[in-house]
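**Q** For reference, the structure I am asking about is given below.
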Amino acid sequence: MTAVEVAVIGAGPAGIAAALAASETGARVTLIDEHPAPGGQLRWRIVALRGVDDALDGLPAFRAAEQLEARLSQAGASMLMSTVAWGLFDDGRLGVARLDGGFLLQADKFVVASGSVDIVLPFPGWTLPGVMTARAAQILLHLHRVVPGHRVAVLGQGLDAAELVGDLEAVGVDIVVQVADPAEVAASGGERLERVSAHGESHEADALVIALGRQPDPELALQLQVELGYSSRLGCHLPLRNELLETSRPGLFVIGEAAGALDVAEAFAEGRLAGLAASGATPERVTAAREALDRTRSPARTAEVEQLRLGASVDARLDEGASSPWQSWAQAATAGGQNGPFSRVTLCRCEQVTVGEVRQAIVEGAVTVDDIKRRTRAGMGLCQGIFCTRAMALLLQAQQHISPADLRPMTERPPARPLPLTHLVELSEQQG
Amino acid sequence: METSNRRVLRHPVLGELAHARPVQIIVDGRPLLAHEGEPIAAALLAQGIVVCRTMPARDEPRGAFCWLGRCTDCLMTVDDEPNVRTCQTAVRHGQVIRTQLGLGQWEGPTR
């Protein structure tokens with residue numbers, strides 16, 4: 001019997017757990033990540049881990065990443081680091097790119113564990129150098145050992161913001177102001193950030209960190225048009241999954257933060273379940289993994305997972321009158337008509353499209369994110385829309401009174417990352 | 001040149017900053033010392049340099065925003081190659097780095 005081939009995309013907590021579990025069953029596992037080493041977010045975080053497993057309990061996250069890397073090499077999983085997975089195709093092949101070229105990887109099962117991106121929303125001055133995301137600040141502080149600034153403003157008030165404030169205070173950085181609401185902040189300066197005003201009060205600052213939380217990023221699964229449902233908790237759509245975390249595409253699993261499991265222990269437990277299920281482990285082991293996963297989930301998350309279960313009746317999924325987080329941002333961004341304070345603010349950083357231009361496109365009849373993209377180019381740039389589509393959706397909801405549950409995410413097509421054309425030429429030569 | 005030192009030499013959890021071989025890079029014509037192996041954008045930020053490129057539509061200066069290679073605000077021209085993601089590209093001794101306008105321009109020999 002030939003071993004099942006399992007490709008796992010993303011080597012964060014969920015992907016690592018999936019690779020370890022599938023290897024344990026005897027599958028041939030390939031673990032792919034665009035970063036140079038496995039660990040994902042654990043590599044740039046220093047908080048103590050809780051509830052993952054006994055050996056990792058209490059370890060700073062980056063130490064846990066080192067231990068997990070050692071487990072992976074013991075398990076014999078094939079590791080493709082510094083490797084970008086850019087396209088998942090109907091025929092069961094995955095486009096991957098490395099510095100030295102690209103190829104198509106064939107597998108029986110695919111596990112997408114591609115994590116999340118930081119939530120950002122436009123505000124006056126947010127394109128100034130010195131403004132950055134929370135994980136950017138953590139990567140700078142902990143991987144590159146450089147402080148983002150000496151006088152830092154923080155936008156956000158949740159768990160991510162609290163962790164970031166702790167990280168900054170640990171190295172003696174002065175937090176000049178912390179503000180919860182993205183509608184209440186403005187940055188200003190010439191060539192770089194110089195001042196941050198919050199609730200009308202101005203502060204001198206050389207960095208502003210956006211810590212509004214994280215948004216699942218299951219892009220490769222979206223390329224295959226898996227069925228989606230709306231999470232009102234996270235304000236975005238998530239792939240529907242069965243009890244084994246498999247999507248509407250048989251053989252395609254989505255796990256961890258990419259599927260809304262924003263807690264490390266839960267993501268790790270999801271990885272173990274998907275890895276066992278994908279590799280054809282015995283029902284006993286699969287059941288044990290399911291029970292262990294259930295124990296990591298909060299009641300709210302358990303209810304959400306039930307609602308977003310593949311095959312659940314559509315009624316159970318309808319989120320009548322769903323509201324989304326950040327509606328105060330949409331109010332501020334649409335205040336004052338076309339001459340309002342947000343009109344000239346850049347919404348799409350890559351294609352340089354303003355809030356006013358997007359609002360005008362909506363006035364002229366755009367009713368979906370794809371419509372706005374076709375009319376304005378917003379979302380068509382190099383970042384693939386990860387930093388602007390949330391703002392576009394919020395403006396659509398506010399101006400067209402569309403329920404967020406009815407707003408489909410932007411259509412995703414390969415490549416998921418910018419790719420040198422030479423890679424594609426080589427691919428066609430391999431096949432020809 | 002701004003010389004504000006932003007490096008974290010001692011960290012309560014991560015410990016002492018490991019010694020790194022110094023390498024010299026040229027940034028917009030000026031020599032700058034960097035730590036071998038670090039990304040170009042980190043070497044620049046450590047010296048207080050935050051502008052990587054300017055976006056032409058509204059003359060917006062941009063600097064590294066996501067530090068994950070995704071936002072592309074950190075694109076610069078490195079050894080005549082435009083659009084290099086400086087948050088993902090390690091410094092090399094003798095590298096010539098320039099801020100760029102928009103998507104930059106190929107100026108070296110065509111490949």
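In the structure tokens, chains take the letters A, B, ... in the order shown, each chain's residues start at 1, and ligands count up from 1 in the order shown.
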Kindly provide the residues of chain B that approach chain A to within 9 Å, each paired with its closest atom pair and their distance in Å to one decimal, based on only C-alpha atoms, listed by chain and increasing number, as a Markdown table.
**A**
| residue | atom | partner | partner_atom | distance |
| --- | --- | --- | --- | --- |
| B:Asn5 | CA | A:Val146 | CA | 8.7 |
| B:Arg6 | CA | A:Val147 | CA | 5.4 |
| B:Arg7 | CA | A:Val146 | CA | 4.4 |
| B:Val8 | CA | A:Arg145 | CA | 5.1 |
| B:Leu9 | CA | A:Arg145 | CA | 7.5 |
| B:Arg10 | CA | A:Val171 | CA | 8.2 |
| B:His11 | CA | A:Val171 | CA | 6.5 |
| B:Pro12 | CA | A:Ala170 | CA | 6.8 |
| B:Val13 | CA | A:Ile46 | CA | 7.2 |
| B:Leu14 | CA | A:His142 | CA | 7.5 |
| B:Leu17 | CA | A:Arg145 | CA | 7.5 |
| B:Glu38 | CA | A:His144 | CA | 6.7 |
| B:Pro39 | CA | A:His144 | CA | 7.9 |
| B:Ala42 | CA | A:His144 | CA | 6.6 |
| B:Ala43 | CA | A:Val146 | CA | 8.7 |
| B:Leu45 | CA | A:Val146 | CA | 7.5 |
| B:Ala46 | CA | A:Val146 | CA | 6.0 |
| B:Gly48 | CA | A:Gly149 | CA | 8.7 |
| B:Val50 | CA | A:Pro129 | CA | 5.8 |
| B:Val51 | CA | A:Pro129 | CA | 6.0 |
| B:Cys52 | CA | A:Pro129 | CA | 8.4 |
| B:Met55 | CA | A:Gln352 | CA | 7.6 |
| B:Pro56 | CA | A:Gln352 | CA | 8.7 |
| B:Ala57 | CA | A:Gln352 | CA | 6.6 |
| B:Arg58 | CA | A:Gln352 | CA | 8.1 |
| B:Glu60 | CA | A:Thr127 | CA | 7.2 |
| B:Pro61 | CA | A:Glu191 | CA | 6.0 |
| B:Arg62 | CA | A:Pro129 | CA | 5.1 |
| B:Gly63 | CA | A:Pro129 | CA | 4.4 |
| B:Ala64 | CA | A:Pro129 | CA | 7.0 |
| B:Phe65 | CA | A:Met132 | CA | 4.4 |
| B:Cys66 | CA | A:Ala136 | CA | 5.0 |
| B:Trp67 | CA | A:Ala136 | CA | 4.9 |
| B:Leu68 | CA | A:Ala136 | CA | 7.1 |
| B:Gly69 | CA | A:Cys383 | CA | 8.9 |
| B:Arg70 | CA | A:Cys383 | CA | 5.3 |
| B:Cys71 | CA | A:Cys383 | CA | 5.0 |
| B:Thr72 | CA | A:Leu382 | CA | 6.8 |
| B:Asp73 | CA | A:Cys350 | CA | 7.9 |
**Q** Rank nothing, just name the residue among B:Glu107, B:Met76, B:Ala90, B:Gly102 nearest to Asp28 (chain B), using only C-alpha atoms.
**A**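 Of the candidates, the smallest distance to Asp28 (chain B) is held by B:Met76.
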**Q** When you draw a straight line from CA of Val78 (chain B) to CA of Ala41 (chain B), how long is it in Å?
**A** 11.6 Å
**Q** In Å, with one decimal, what is the gap from CA of Pro22 (chain B) to CA of Gly37 (chain B)?
**A**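 Spanning CA of Pro22 (chain B) to CA of Gly37 (chain B) is a straight-line distance of 9.6 Å.
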**Q** Have a look at CA of Ile40 (chain B) and CA of Leu31 (chain A) and let me know their distance in Å, one decimal.
**A**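 Going from CA of Ile40 (chain B) over to CA of Leu31 (chain A) covers 27.7 Å.
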**Q** May I have the residues within 9 Å of Glu69 (chain A) as a PyMOL selection string, using only C-alpha atoms and disregarding those fewer than 5 positions away in the same chain?
**A** chain A and resi 16+37-39+64+74
**Q** Please produce a file of the residues just selected, as an mmCIF file, in the first residue's frame, where the atoms kept are C-alpha atoms.
**A**
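File produced: out-v3.cif:
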data_model
loop_
_atom_site.group_PDB
_atom_site.id
_atom_site.type_symbol
_atom_site.label_atom_id
_atom_site.label_comp_id
_atom_site.auth_asym_id
_atom_site.auth_seq_id
_atom_site.Cartn_x
_atom_site.Cartn_y
_atom_site.Cartn_z
ATOM 1 C CA ILE A 16 2.686 21.785 12.686
ATOM 2 C CA ALA A 37 11.573 28.378 9.879
ATOM 3 C CA PRO A 38 8.446 26.668 11.229
ATOM 4 C CA GLY A 39 6.472 28.150 14.124
ATOM 5 C CA ALA A 64 7.852 26.353 21.909
ATOM 6 C CA GLN A 74 12.142 13.668 14.406
#
**Q** Residues near Ile26 (chain B), anyone? I mean within 7 Å using only C-alpha atoms, not counting same-chain ones fewer than 6 positions away, as a PyMOL selection string.
**A** chain B and resi 32+94-97
**Q** How would the residues just picked look written out with C-alpha atoms as a PDB file, in the first residue's frame?
**A**
ATOM      1  CA  LEU B  32      25.545  52.696   6.717  1.00  0.00           C
ATOM      2  CA  GLY B  94      28.413  46.475  -0.462  1.00  0.00           C
ATOM      3  CA  GLN B  95      24.711  46.459  -1.358  1.00  0.00           C
ATOM      4  CA  VAL B  96      23.525  49.667  -3.026  1.00  0.00           C
ATOM      5  CA  ILE B  97      20.010  50.597  -1.867  1.00  0.00           C
TER       6      ILE B  97
END
**Q** List the spatial neighbours of Leu33 (chain B) as a PyMOL selection string - criterion: any atom at most 7 Å away, only C-alpha atoms, same-chain residues fewer than 3 positions off excluded.
**A** chain B and resi 22-25
**Q** How about saving the chosen residues, C-alpha atoms kept, as a tab-separated table (two decimals), in the first residue's frame?
**A**
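The result, written out as again-v1.tsv:
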chain	number	residue	atom	x	y	z
B	22	PRO	CA	28.94	44.36	10.80
B	23	VAL	CA	28.48	44.87	7.06
B	24	GLN	CA	28.45	48.13	5.13
B	25	ILE	CA	25.61	49.05	2.80
**Q** Write out as an MDAnalysis selection string which residues come within 12 Å of region 90-102 of chain A when counting only C-alpha atoms, dropping same-chain ones fewer than 6 positions away.
**A** (chainID A and resid 5:9 30:36 80:84 108:112 220:221 223:226 249:252 414:430) or (chainID B and resid 89)
**Q** Give me, as a ChimeraX atom specification, the residues of chain B that a backbone DSSP run labels helix (DSSP H, G or I).
**A** /B:40-46
**Q** Might you pull out every residue within 9 Å of Val254 (chain A), with only C-alpha atoms counted and same-chain residues fewer than 3 positions away left off, and present them as a short mmCIF file (atom, residue, chain, number, x, y, z; two decimals) with C-alpha atoms, in the first residue's frame?
**A**
data_model
loop_
_atom_site.label_atom_id
_atom_site.label_comp_id
_atom_site.auth_asym_id
_atom_site.auth_seq_id
_atom_site.Cartn_x
_atom_site.Cartn_y
_atom_site.Cartn_z
CA PHE A 110 -4.45 19.29 1.42
CA VAL A 111 -4.54 20.96 4.81
CA VAL A 112 -4.70 24.75 4.64
CA ALA A 113 -3.34 26.28 7.86
CA SER A 114 -2.46 29.67 6.45
CA PRO A 218 -7.94 31.03 4.11
CA ALA A 221 -9.27 27.43 0.00
CA PRO A 239 -15.05 28.07 5.25
CA LEU A 240 -17.80 25.64 6.28
CA ARG A 241 -16.36 22.36 7.60
CA LEU A 245 -12.61 19.98 9.62
CA GLU A 246 -12.90 19.05 5.94
CA THR A 247 -14.45 21.66 3.62
CA ALA A 258 -7.48 30.45 8.83
CA ALA A 259 -10.74 28.83 10.00
CA ALA A 274 -7.22 17.27 10.66
#
**Q** Nearest to Leu42 (chain A): which of A:Ala265, A:Ala186, A:Gly26, A:Ser231 is it, counting only C-alpha atoms?
**A** A:Ala265
**Q** Among the residues of region 198-380 of chain A, find those DSSP assigns to strand (DSSP E) from the backbone and print them as an NGL selection string.
**A** :A and (198 or 201-204 or 207-210 or 214-216 or 228-231 or 236-239 or 252-254 or 346-348 or 353-354)
